[in-house]
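Below is protein27.txt, which holds compact mmCIF, C-alpha atoms.
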# COMPACT_ATOMS: atom_id res chain seq x y z
CA MET G 290 0.00 0.00 0.00
CA THR G 291 1.36 3.42 -0.82
CA TYR G 292 0.21 6.74 0.49
CA ARG G 293 0.04 10.40 -0.36
CA ARG G 294 -0.79 13.50 1.61
CA VAL G 295 -4.08 15.28 0.94
CA ALA G 296 -4.19 18.77 -0.54
CA HIS G 297 -6.00 20.54 2.28
CA VAL G 298 -3.16 20.54 4.80
CA ALA G 299 -0.42 22.91 5.90
CA TRP G 300 2.57 21.82 7.97
CA ARG G 301 5.69 23.07 9.63
CA ARG G 302 8.70 21.39 11.19
CA LEU G 303 9.47 22.80 14.63
CA GLY G 304 12.41 21.26 16.37
CA PRO G 305 11.93 17.49 16.55
CA GLU G 306 8.20 17.68 15.81
CA THR G 307 6.15 18.34 12.74
CA VAL G 308 2.85 20.13 13.14
CA VAL G 309 0.15 19.53 10.55
CA LEU G 310 -2.96 21.67 10.20
CA ASP G 311 -5.98 20.19 8.45
CA LEU G 312 -7.49 23.25 6.80
CA ARG G 313 -10.78 21.49 6.24
CA SER G 314 -11.50 19.88 9.59
CA LYS G 315 -9.77 22.70 11.53
CA ARG G 316 -7.72 20.22 13.53
CA VAL G 317 -4.04 20.41 14.26
CA TYR G 318 -1.73 17.43 14.85
CA ALA G 319 1.82 17.09 16.15
CA LEU G 320 3.92 14.19 14.87
CA ASN G 321 6.97 12.85 16.66
CA GLU G 322 10.36 12.89 14.95
CA SER G 323 10.02 9.64 13.07
CA GLY G 324 6.41 10.47 12.20
CA GLY G 325 7.62 13.78 10.85
CA ALA G 326 10.26 12.08 8.73
CA LEU G 327 7.59 9.90 7.16
CA TRP G 328 5.31 12.91 6.70
CA HIS G 329 8.02 14.84 4.89
CA ALA G 330 8.59 11.84 2.66
CA LEU G 331 4.89 12.02 1.78
CA VAL G 332 5.33 15.68 1.02
CA ASP G 333 8.55 15.40 -0.92
CA HIS G 334 7.82 12.27 -2.87
CA GLY G 335 4.14 12.60 -3.49
CA ALA G 336 2.18 9.45 -3.87
CA ALA G 337 5.00 6.97 -3.61
CA VAL G 338 5.60 6.33 0.04
CA ALA G 339 5.19 2.87 1.41
CA ALA G 340 5.75 1.60 4.92
CA ARG G 341 9.09 -0.13 5.37
CA ARG G 342 9.58 -0.39 9.10
CA PRO G 343 7.60 -1.62 12.10
CA GLY G 344 4.86 0.75 13.06
CA GLU G 345 4.89 2.71 9.81
CA GLU G 346 1.92 0.98 8.21
CA GLU G 347 -0.17 1.62 11.31
CA PHE G 348 0.97 5.23 11.42
CA LEU G 349 0.17 5.87 7.78
CA ALA G 350 -3.20 4.19 8.23
CA GLU G 351 -3.79 6.50 11.20
CA LEU G 352 -3.03 9.52 9.04
CA VAL G 353 -5.58 8.25 6.54
CA ARG G 354 -8.12 7.79 9.32
CA LEU G 355 -7.48 11.35 10.48
CA GLY G 356 -8.03 12.60 6.95
CA ILE G 357 -4.59 14.12 6.34
CA ALA G 358 -3.30 11.33 4.10
CA ALA G 359 -4.85 9.02 1.57
CA ALA G 360 -4.08 5.66 0.11
CA ALA G 361 -2.55 6.11 -3.33
CA GLU G 362 -3.70 4.38 -6.48
CA PRO G 363 -1.64 1.19 -6.71
CA ALA G 364 -1.29 1.35 -10.48
CA ALA G 365 0.34 4.77 -10.35
CA GLU G 366 3.07 3.57 -8.05
CA ALA G 367 4.22 0.46 -9.87
CA GLY G 368 7.92 -0.22 -9.60
CA GLU G 369 9.00 2.74 -7.56
CA THR G 370 8.59 3.75 -3.98
CA ALA G 371 10.34 6.62 -2.32
CA ARG G 372 13.46 6.11 -0.39
CA TYR G 373 13.52 8.48 2.48
CA ALA G 374 16.22 8.97 5.02
CA VAL G 375 15.44 7.86 8.50
CA SER G 376 18.06 8.73 11.00
CA ALA G 377 19.35 6.16 13.40
CA VAL G 378 18.08 8.32 16.24
CA HIS G 379 14.49 7.73 15.13
CA ALA G 380 14.23 4.78 17.43
CA GLU G 381 10.66 5.58 18.45
CA PRO G 382 7.92 4.35 16.13
CA PRO G 383 6.14 7.12 14.24
CA ARG G 384 3.04 8.43 15.93
CA VAL G 385 0.70 11.36 16.39
CA ILE G 386 1.59 12.76 19.80
CA TRP G 387 -0.94 15.57 20.11
CA GLN G 388 -4.04 16.86 18.43
CA ASP G 389 -6.57 19.57 19.06
CA ASP G 390 -9.47 21.33 17.49
CA ILE G 391 -8.61 24.93 16.70
CA ARG G 392 -12.25 25.88 16.49
CA SER G 393 -12.37 25.42 20.21
CA PHE G 394 -10.67 28.79 20.53
CA GLY G 395 -11.82 31.69 22.51
CA ILE G 396 -15.45 30.95 23.23
CA SER G 397 -15.21 33.61 25.93
CA CYS G 398 -14.39 36.12 23.22
CA LEU G 399 -17.86 35.66 21.79
CA GLN G 400 -19.60 36.79 24.93
CA THR G 401 -19.75 40.54 24.95
CA PRO G 402 -19.79 42.23 28.33
CA ILE G 403 -23.50 42.98 27.91
CA GLN G 404 -24.11 39.25 27.69
CA GLY G 405 -22.29 38.62 30.94
CA GLY G 406 -19.17 37.70 29.06
CA CYS G 407 -15.64 36.97 30.04
CA GLN G 408 -15.42 40.09 32.13
CA ALA G 409 -17.58 42.98 33.09
CA ARG G 410 -16.83 46.27 31.48
CA PRO G 411 -15.65 48.57 34.28
CA THR G 412 -17.03 52.02 34.80
CA THR G 413 -14.76 54.81 33.66
CA MET N 102 -24.72 59.87 0.22
CA GLY N 103 -25.71 61.69 3.38
CA GLU N 104 -24.94 58.93 5.88
CA ALA N 105 -22.57 59.70 8.70
CA GLU N 106 -19.37 57.69 8.82
CA ALA N 107 -16.89 56.81 11.53
CA ARG N 108 -13.43 55.31 10.95
CA PHE N 109 -11.42 53.15 13.30
CA ASP N 110 -7.97 51.59 13.13
CA LEU N 111 -8.35 47.93 14.13
CA GLY N 112 -5.10 45.98 13.94
CA GLY N 113 -3.69 48.24 11.23
CA ILE N 114 -6.83 47.98 9.11
CA VAL N 115 -8.86 51.19 8.91
CA ILE N 116 -12.54 50.33 8.74
CA ALA N 117 -15.21 52.88 7.94
CA PHE N 118 -18.63 52.32 9.49
CA ALA N 119 -21.70 53.98 8.03
CA SER N 120 -25.28 53.80 9.19
CA PRO N 121 -28.60 55.52 8.58
CA SER N 122 -28.80 55.74 12.37
CA ALA N 123 -26.66 58.50 13.83
CA GLU N 124 -27.56 57.18 17.28
CA TRP N 125 -26.13 53.75 16.47
CA LEU N 126 -22.98 55.35 15.07
CA SER N 127 -22.63 57.34 18.27
CA GLU N 128 -22.83 54.12 20.33
CA LEU N 129 -20.19 52.57 18.08
CA GLY N 130 -17.97 55.57 18.73
CA LYS N 131 -18.22 54.92 22.46
CA ARG N 132 -17.44 51.24 21.89
CA PHE N 133 -14.26 51.94 19.91
CA ARG N 134 -13.23 55.11 21.69
CA GLY N 135 -9.54 55.79 21.28
CA PHE N 136 -9.20 53.81 18.06
CA GLU N 137 -10.49 56.54 15.77
CA SER N 138 -8.65 57.14 12.53
CA ALA N 139 -8.64 59.80 9.84
CA THR N 140 -6.86 57.54 7.36
CA GLU N 141 -8.56 56.40 4.17
CA PRO N 142 -10.29 53.09 4.97
CA SER N 143 -9.50 49.80 3.31
CA PHE N 144 -12.81 48.24 4.35
CA ARG N 145 -16.32 49.62 4.72
CA ILE N 146 -19.15 48.26 6.85
CA ARG N 147 -22.68 49.57 6.62
CA TYR N 148 -24.94 48.82 9.56
CA CYS N 149 -28.72 49.00 9.29
CA PRO N 150 -30.54 48.74 12.60
CA ARG N 151 -33.83 46.97 12.07
CA LYS N 152 -36.88 48.67 13.56
CA GLY N 153 -38.33 46.64 16.34
CA ALA N 154 -35.43 44.20 16.49
CA VAL N 155 -34.12 43.57 19.98
CA ALA N 156 -30.83 42.20 21.16
CA PRO N 157 -31.33 38.58 22.22
CA ALA N 158 -31.10 37.60 25.85
CA GLU N 159 -28.11 35.56 26.96
CA THR N 160 -27.99 32.41 24.95
CA ILE N 161 -29.16 29.32 26.71
CA GLY N 162 -26.35 26.88 27.45
CA GLY N 163 -23.60 29.27 26.50
CA PRO N 164 -22.66 31.34 23.47
CA MET N 165 -22.79 29.89 19.99
CA PRO N 166 -20.31 31.07 17.41
CA PRO N 167 -21.86 32.75 14.40
CA LEU N 168 -22.48 30.68 11.29
CA VAL N 169 -20.10 31.67 8.52
CA ARG N 170 -20.72 30.33 5.03
CA PRO N 171 -20.27 31.30 1.40
CA HIS N 172 -22.94 33.72 0.35
CA PRO N 173 -25.63 31.96 -1.72
CA GLY N 174 -25.29 34.65 -4.37
CA GLY N 175 -21.69 33.62 -4.88
CA ARG N 176 -20.01 36.83 -3.76
CA GLY N 177 -18.26 36.76 -0.46
CA ILE N 178 -19.48 35.26 2.79
CA GLU N 179 -22.50 35.36 5.03
CA ILE N 180 -22.22 35.69 8.80
CA LEU N 181 -25.34 34.79 10.76
CA GLY N 182 -25.44 35.42 14.48
CA PRO N 183 -27.92 35.99 17.28
CA GLY N 184 -30.35 38.54 15.88
CA PHE N 185 -28.21 39.72 13.00
CA ALA N 186 -27.11 38.86 9.49
CA ALA N 187 -24.10 40.12 7.59
CA ARG N 188 -22.78 39.79 4.08
CA ALA N 189 -19.14 40.54 3.41
CA ASP N 190 -17.43 40.97 0.05
CA LEU N 191 -13.77 40.64 0.90
CA GLU N 192 -12.67 41.22 -2.69
CA HIS N 193 -14.30 44.64 -2.82
CA GLY N 194 -13.77 45.47 0.85
CA THR N 195 -17.38 45.94 1.89
CA ALA N 196 -19.91 44.43 4.26
CA GLU N 197 -23.56 45.03 5.06
CA VAL N 198 -25.00 44.15 8.45
CA GLU N 199 -28.62 44.12 9.57
CA GLY N 200 -29.44 43.75 13.21
CA PRO N 201 -30.82 45.36 16.32
CA ALA N 202 -29.82 48.80 17.55
CA ALA N 203 -26.81 47.39 19.34
CA VAL N 204 -23.11 47.14 18.59
CA TYR N 205 -22.51 43.51 19.58
CA PRO N 206 -23.12 42.31 15.99
CA VAL N 207 -20.18 44.42 14.88
CA ASP N 208 -17.98 42.76 17.50
CA MET N 209 -18.98 39.33 16.26
CA VAL N 210 -18.60 40.22 12.58
CA LEU N 211 -15.18 41.74 13.16
CA ARG N 212 -14.05 38.63 15.02
CA GLU N 213 -14.69 36.70 11.81
CA LEU N 214 -13.38 39.29 9.36
CA LEU N 215 -10.29 40.73 11.05
CA PRO N 216 -8.28 37.48 10.88
CA ALA N 217 -8.79 37.49 7.11
CA LEU N 218 -8.23 41.21 6.60
CA THR N 219 -5.08 41.60 8.64
CA THR N 220 -1.66 40.05 8.20
CA GLY N 221 -0.01 38.14 11.04
CA VAL N 222 -2.25 36.60 13.67
CA ILE N 223 -4.92 37.77 16.07
CA LEU N 224 -4.21 36.29 19.44
CA HIS N 225 -6.44 35.69 22.43
CA CYS N 226 -4.28 37.54 24.96
CA ALA N 227 -3.75 40.55 27.15
CA LEU N 228 -1.16 42.86 25.63
CA LEU N 229 1.13 44.69 28.00
CA GLY N 230 3.64 47.37 27.05
CA ASP N 231 6.12 49.88 28.37
CA GLY N 232 6.26 52.17 25.36
CA MET N 233 9.28 50.40 23.89
CA ALA N 234 8.15 46.78 23.79
CA THR N 235 5.08 44.65 24.26
CA TRP N 236 4.37 41.30 25.84
CA ALA N 237 1.44 39.12 24.82
CA CYS N 238 0.00 37.18 27.76
CA GLY N 239 -2.45 34.60 26.53
CA GLY N 240 -4.40 31.60 27.51
CA ALA N 241 -7.81 30.04 27.69
CA SER N 242 -10.72 31.69 29.38
CA GLY N 243 -10.00 31.87 33.10
CA SER N 244 -6.24 31.69 32.74
CA GLY N 245 -5.77 35.21 34.07
CA LYS N 246 -5.66 37.66 31.17
CA SER N 247 -8.09 40.10 32.71
CA THR N 248 -6.58 39.59 36.17
CA LEU N 249 -3.13 40.41 34.85
CA ALA N 250 -4.36 43.49 33.00
CA ALA N 251 -6.12 44.68 36.14
CA LEU N 252 -2.95 44.15 38.20
CA LEU N 253 -0.91 46.24 35.74
CA PRO N 254 -3.21 49.01 34.50
CA GLU N 255 -0.33 51.30 33.58
CA HIS N 256 1.02 48.64 31.23
CA ALA N 257 -2.19 47.01 29.97
CA LEU N 258 -3.10 47.87 26.38
CA CYS N 259 -5.92 45.35 26.05
CA ASP N 260 -7.15 42.26 27.86
CA GLU N 261 -8.71 39.97 25.25
CA LEU N 262 -7.45 40.25 21.68
CA ALA N 263 -4.28 41.65 20.14
CA HIS N 264 -2.92 41.80 16.63
CA ILE N 265 0.57 40.34 16.18
CA ALA N 266 2.23 40.97 12.83
CA ASP N 267 5.61 41.03 11.20
CA CYS N 268 6.77 44.57 10.49
CA ASP N 269 10.16 45.15 8.90
CA GLY N 270 11.38 41.73 9.93
CA ARG N 271 10.25 41.96 13.54
CA PHE N 272 6.98 40.98 15.17
CA HIS N 273 4.94 43.78 16.70
CA GLY N 274 2.02 43.58 19.09
CA ARG N 275 -0.86 45.99 18.72
CA SER N 276 -3.95 46.26 20.88
CA LEU N 277 -7.46 45.64 19.63
CA PRO N 278 -10.51 47.14 21.36
CA TYR N 279 -11.47 43.91 23.20
CA TRP N 280 -12.64 44.39 25.88
CA GLU N 281 -10.81 46.91 28.05
CA ALA N 282 -8.35 48.53 25.69
CA ARG N 283 -6.45 51.60 24.65
CA PRO N 284 -4.54 51.99 21.42
CA GLY N 285 -0.90 51.09 21.49
CA GLY N 286 1.75 48.81 20.10
CA ALA N 287 5.46 48.12 19.99
CA PRO N 288 7.89 45.36 19.05
CA LEU N 289 6.92 42.08 20.71
CA ALA N 290 9.47 40.97 23.28
CA GLY N 291 7.82 37.80 24.50
CA ILE N 292 4.70 35.70 24.77
CA ALA N 293 3.49 34.25 28.04
CA ILE N 294 0.99 31.41 28.39
CA LEU N 295 -0.77 32.15 31.63
CA ARG N 296 -1.94 30.11 34.55
CA HIS N 297 -2.76 31.10 38.10
CA GLY N 298 -0.27 30.03 40.74
CA ALA N 299 0.82 30.52 44.32
CA GLU N 300 4.03 32.21 43.19
CA HIS N 301 5.46 33.65 40.00
CA ARG N 302 7.29 31.14 37.82
CA ARG N 303 8.40 31.46 34.24
CA THR N 304 9.24 28.31 32.25
CA PRO N 305 10.52 28.55 28.66
CA LEU N 306 8.61 26.46 26.12
CA THR N 307 10.18 24.55 23.26
CA LEU N 308 9.14 25.45 19.72
CA PRO N 309 6.63 22.60 19.46
CA GLN N 310 5.20 23.36 22.90
CA ALA N 311 4.87 27.03 21.97
CA LEU N 312 3.04 26.31 18.75
CA ARG N 313 0.70 23.86 20.45
CA ALA N 314 -0.09 26.37 23.19
CA LEU N 315 -0.74 29.20 20.76
CA ALA N 316 -2.58 27.30 18.03
CA THR N 317 -5.72 27.14 20.14
CA GLU N 318 -5.47 30.80 21.12
CA VAL N 319 -5.28 32.23 17.61
CA VAL N 320 -8.45 33.60 16.03
CA TRP N 321 -8.49 31.64 12.78
CA PRO N 322 -10.27 32.78 9.59
CA THR N 323 -12.00 29.43 9.43
CA PHE N 324 -14.10 30.31 6.37
CA SER N 325 -11.04 30.60 4.13
CA GLU N 326 -8.49 27.81 3.72
CA PRO N 327 -5.90 30.06 1.99
CA ALA N 328 -6.22 32.63 4.79
CA MET N 329 -5.85 29.87 7.40
CA GLU N 330 -2.74 28.62 5.65
CA ARG N 331 -1.19 32.11 5.74
CA ARG N 332 -2.00 32.47 9.45
CA PHE N 333 -0.47 29.07 10.17
CA ALA N 334 2.72 30.14 8.42
CA ALA N 335 2.72 33.39 10.38
CA LEU N 336 2.24 31.50 13.64
CA GLY N 337 5.19 29.26 12.81
CA ARG N 338 7.40 32.27 12.10
CA LEU N 339 6.18 33.89 15.30
CA VAL N 340 7.19 31.05 17.62
CA GLU N 341 10.54 30.80 15.85
CA SER N 342 11.18 34.53 16.35
CA VAL N 343 9.74 35.43 19.75
CA PRO N 344 10.39 33.60 23.04
CA VAL N 345 7.35 31.86 24.48
CA TRP N 346 7.12 30.75 28.07
CA GLN N 347 4.59 29.45 30.51
CA LEU N 348 3.93 31.96 33.26
CA GLU N 349 2.42 30.98 36.56
CA PHE N 350 1.61 34.07 38.52
CA ALA N 351 0.31 35.07 41.90
CA PRO N 352 -2.06 38.06 42.00
CA ARG N 353 0.67 40.62 42.68
CA ALA N 354 1.87 43.53 40.56
CA ASP N 355 5.52 42.48 40.84
CA VAL N 356 4.72 39.89 38.17
CA TRP N 357 5.74 42.68 35.81
CA ASP N 358 9.39 42.12 36.73
CA VAL N 359 9.07 38.44 35.82
CA ILE N 360 7.34 39.20 32.53
CA THR N 361 9.93 41.73 31.43
CA ALA N 362 13.03 39.88 32.68
CA VAL N 363 15.47 39.24 29.86
CA ALA N 364 15.75 35.53 29.16
Step by step, read the file and then write its structure as structure tokens.
Amino acid sequence: MTYRRVAHVAWRRLGPETVVLDLRSKRVYALNESGGALWHALVDHGAAVAARRPGEEEFLAELVRLGIAAAAEPAAEAGETARYAVSAVHAEPPRVIWQDDIRSFGISCLQTPIQGGCQARPTT
Amino acid sequence: MGEAEARFDLGGIVIAFASPSAEWLSELGKRFRGFESATEPSFRIRYCPRKGAVAPAETIGGPMPPLVRPHPGGRGIEILGPGFAARADLEHGTAEVEGPAAVYPVDMVLRELLPALTTGVILHCALLGDGMATWACGGASGSGKSTLAALLPEHALCDELAHIADCDGRFHGRSLPYWEARPGGAPLAGIAILRHGAEHRRTPLTLPQALRALATEVVWPTFSEPAMERRFAALGRLVESVPVWQLEFAPRADVWDVITAVA
């Protein structure tokens, strides 16, 4: 099985983690270092990344379940899968280590003071 | 056209408000006092108070965010909230709002529009400053933003939302009129993620920790994927450029020394 990333995502590598924002579901995910390496292979090599190590198939399937990756068409990938560098320090299996819903932001911001919101407006 | 107009600078965007109701415009002036601008606006909002419409009572079970969706006519977006409806044409820089004779619809419409109109990010935070630098102190509801602003009134620029943007290669913080605010801004020296504590304690966050903490405190333009992508990129640049730390604080004004201490 080979995989590709979906189009409606943005991502950024920050230190050892990679953070992925699903622009459609408004959820954000943090991947550990080995998960990030696999993610960047998806990004760099398009639809030609296959699992090669323990835990990778499960991780890629998880990304598909989360909606930020998709299984690629088998016929398009015949004969060639990406070789991506995985450092020896990536001893930990790839995984999603954090996720949150960014729409959960700031509900207090919606309550204006006249609605008994996050704080009463003081008298001047 | 005969309608009065008032202009305000909100996060570097000058917005002109017009209304057939001079009384409504006067109330808006009180709401955004201090943020007036004489500069040519880049966005115009026309507000039409509906006769007989009343502001809704507090929502049952808590506030609901407005519904934002593409306008059925194909131009721009629709924002539907408690007692009001708005249509915004971002391409042409205009919006029309119908609602009761109250200003809360403008607050809710701006919360949706400003993240798309401005560069950088709009952050759920109290912004503190000393005239030379600013510090954004953010966190979820109840984390202490208003408490901190009340402890440091001489330094507090706003206690709910601030605009953080890259200007000439450096991030600047600028106050927005939510909810207790006065205009002001300066280069951003640091970002604190607040929590109440028995004593003051400042703990630096790693880049991933910083982005995680801030991602849920950014006001995202959720109706536009390209705009969200730009804000995400700006947030990444922000945490790479400005130190972020967790700040536990006791309710004492000497927290200012901890906030402004050089790392």
Inset, instruction - For chain N, list the residues within 8 Å of chain G, counting all atoms listed in the file, and write the list as a ChimeraX atom specification. - result: /N:158-159,164-166,205,208-209,225,241-242,247,261,280-281,307-309,316-321,323,326,329-330,333-334,337
Export of prior selection with C-alpha atoms as an mmCIF file, keeping the file's coordinate frame:
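The resulting file, again33.cif, is shown below:
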data_model
loop_
_atom_site.group_PDB
_atom_site.id
_atom_site.type_symbol
_atom_site.label_atom_id
_atom_site.label_comp_id
_atom_site.auth_asym_id
_atom_site.auth_seq_id
_atom_site.Cartn_x
_atom_site.Cartn_y
_atom_site.Cartn_z
ATOM 1 C CA ALA N 158 -31.100 37.600 25.850
ATOM 2 C CA GLU N 159 -28.110 35.560 26.960
ATOM 3 C CA PRO N 164 -22.660 31.340 23.470
ATOM 4 C CA MET N 165 -22.790 29.890 19.990
ATOM 5 C CA PRO N 166 -20.310 31.070 17.410
ATOM 6 C CA TYR N 205 -22.510 43.510 19.580
ATOM 7 C CA ASP N 208 -17.980 42.760 17.500
ATOM 8 C CA MET N 209 -18.980 39.330 16.260
ATOM 9 C CA HIS N 225 -6.440 35.690 22.430
ATOM 10 C CA ALA N 241 -7.810 30.040 27.690
ATOM 11 C CA SER N 242 -10.720 31.690 29.380
ATOM 12 C CA SER N 247 -8.090 40.100 32.710
ATOM 13 C CA GLU N 261 -8.710 39.970 25.250
ATOM 14 C CA TRP N 280 -12.640 44.390 25.880
ATOM 15 C CA GLU N 281 -10.810 46.910 28.050
ATOM 16 C CA THR N 307 10.180 24.550 23.260
ATOM 17 C CA LEU N 308 9.140 25.450 19.720
ATOM 18 C CA PRO N 309 6.630 22.600 19.460
ATOM 19 C CA ALA N 316 -2.580 27.300 18.030
ATOM 20 C CA THR N 317 -5.720 27.140 20.140
ATOM 21 C CA GLU N 318 -5.470 30.800 21.120
ATOM 22 C CA VAL N 319 -5.280 32.230 17.610
ATOM 23 C CA VAL N 320 -8.450 33.600 16.030
ATOM 24 C CA TRP N 321 -8.490 31.640 12.780
ATOM 25 C CA THR N 323 -12.000 29.430 9.430
ATOM 26 C CA GLU N 326 -8.490 27.810 3.720
ATOM 27 C CA MET N 329 -5.850 29.870 7.400
ATOM 28 C CA GLU N 330 -2.740 28.620 5.650
ATOM 29 C CA PHE N 333 -0.470 29.070 10.170
ATOM 30 C CA ALA N 334 2.720 30.140 8.420
ATOM 31 C CA GLY N 337 5.190 29.260 12.810
#
Dig up all the protein and nucleic acid residues within 9 Å of (-6.9, 47.8, 23.6) in the file frame, using all atoms listed in the file, and format them as a PDB file with C-alpha atoms, keeping the file's coordinate frame.
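The new file out-v6.pdb reads:
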ATOM      1  CA  GLY N 135      -9.540  55.790  21.280  1.00  0.00           C
ATOM      2  CA  PHE N 136      -9.200  53.810  18.060  1.00  0.00           C
ATOM      3  CA  ALA N 227      -3.750  40.550  27.150  1.00  0.00           C
ATOM      4  CA  LEU N 228      -1.160  42.860  25.630  1.00  0.00           C
ATOM      5  CA  ALA N 257      -2.190  47.010  29.970  1.00  0.00           C
ATOM      6  CA  LEU N 258      -3.100  47.870  26.380  1.00  0.00           C
ATOM      7  CA  CYS N 259      -5.920  45.350  26.050  1.00  0.00           C
ATOM      8  CA  ASP N 260      -7.150  42.260  27.860  1.00  0.00           C
ATOM      9  CA  GLU N 261      -8.710  39.970  25.250  1.00  0.00           C
ATOM     10  CA  LEU N 262      -7.450  40.250  21.680  1.00  0.00           C
ATOM     11  CA  ALA N 263      -4.280  41.650  20.140  1.00  0.00           C
ATOM     12  CA  ARG N 275      -0.860  45.990  18.720  1.00  0.00           C
ATOM     13  CA  SER N 276      -3.950  46.260  20.880  1.00  0.00           C
ATOM     14  CA  LEU N 277      -7.460  45.640  19.630  1.00  0.00           C
ATOM     15  CA  PRO N 278     -10.510  47.140  21.360  1.00  0.00           C
ATOM     16  CA  TYR N 279     -11.470  43.910  23.200  1.00  0.00           C
ATOM     17  CA  TRP N 280     -12.640  44.390  25.880  1.00  0.00           C
ATOM     18  CA  GLU N 281     -10.810  46.910  28.050  1.00  0.00           C
ATOM     19  CA  ALA N 282      -8.350  48.530  25.690  1.00  0.00           C
ATOM     20  CA  ARG N 283      -6.450  51.600  24.650  1.00  0.00           C
ATOM     21  CA  PRO N 284      -4.540  51.990  21.420  1.00  0.00           C
ATOM     22  CA  GLY N 285      -0.900  51.090  21.490  1.00  0.00           C
TER      23      GLY N 285
END
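Computed from the coordinates, the atom CA of Arg212 of chain N to atom CA of Glu106 of chain N distance equals 20.7 Å.
Atom to atom, atom CA of Ala202 of chain N and atom CA of Trp125 of chain N stand 6.3 Å apart.
Between atom CA of Val210 of chain N and atom CA of Ala119 of chain N lies a distance of 14.8 Å.
Distance cut-off 6 Å, centre (-2.0, 32.2, 33.8), atoms counted only C-alpha atoms; the residues meeting this are Ser244, Gly245, Leu295, Arg296, His297, Leu348 and Glu349 of chain N.
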Keeping C-alpha atoms, export the residues of the selection given above as a PDB file, in the coordinates of the input.
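What ended up in again-v8.pdb:
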ATOM      1  CA  SER N 244      -6.240  31.690  32.740  1.00  0.00           C
ATOM      2  CA  GLY N 245      -5.770  35.210  34.070  1.00  0.00           C
ATOM      3  CA  LEU N 295      -0.770  32.150  31.630  1.00  0.00           C
ATOM      4  CA  ARG N 296      -1.940  30.110  34.550  1.00  0.00           C
ATOM      5  CA  HIS N 297      -2.760  31.100  38.100  1.00  0.00           C
ATOM      6  CA  LEU N 348       3.930  31.960  33.260  1.00  0.00           C
ATOM      7  CA  GLU N 349       2.420  30.980  36.560  1.00  0.00           C
TER       8      GLU N 349
END
So that each row is one residue of segment 107-162 of chain N with an atom at most 12 Å from segment 221-224 of chain N, can you give its shortest atom pair and the distance in Å to one decimal, using all atoms listed in the file, rows by chain and rising number, as a tab-separated table?
residue	atom	partner	partner_atom	distance
N:Leu111	CA	N:Ile223	CA	10.9
N:Gly112	CA	N:Ile223	CA	8.5
N:Gly113	CA	N:Gly221	CA	10.8
Output the selection as a compact mmCIF listing (two decimals), in the coordinates of the input - C-alpha atoms for each residue.
# COMPACT_ATOMS: atom_id res chain seq x y z
CA LEU N 111 -8.35 47.93 14.13
CA GLY N 112 -5.10 45.98 13.94
CA GLY N 113 -3.69 48.24 11.23
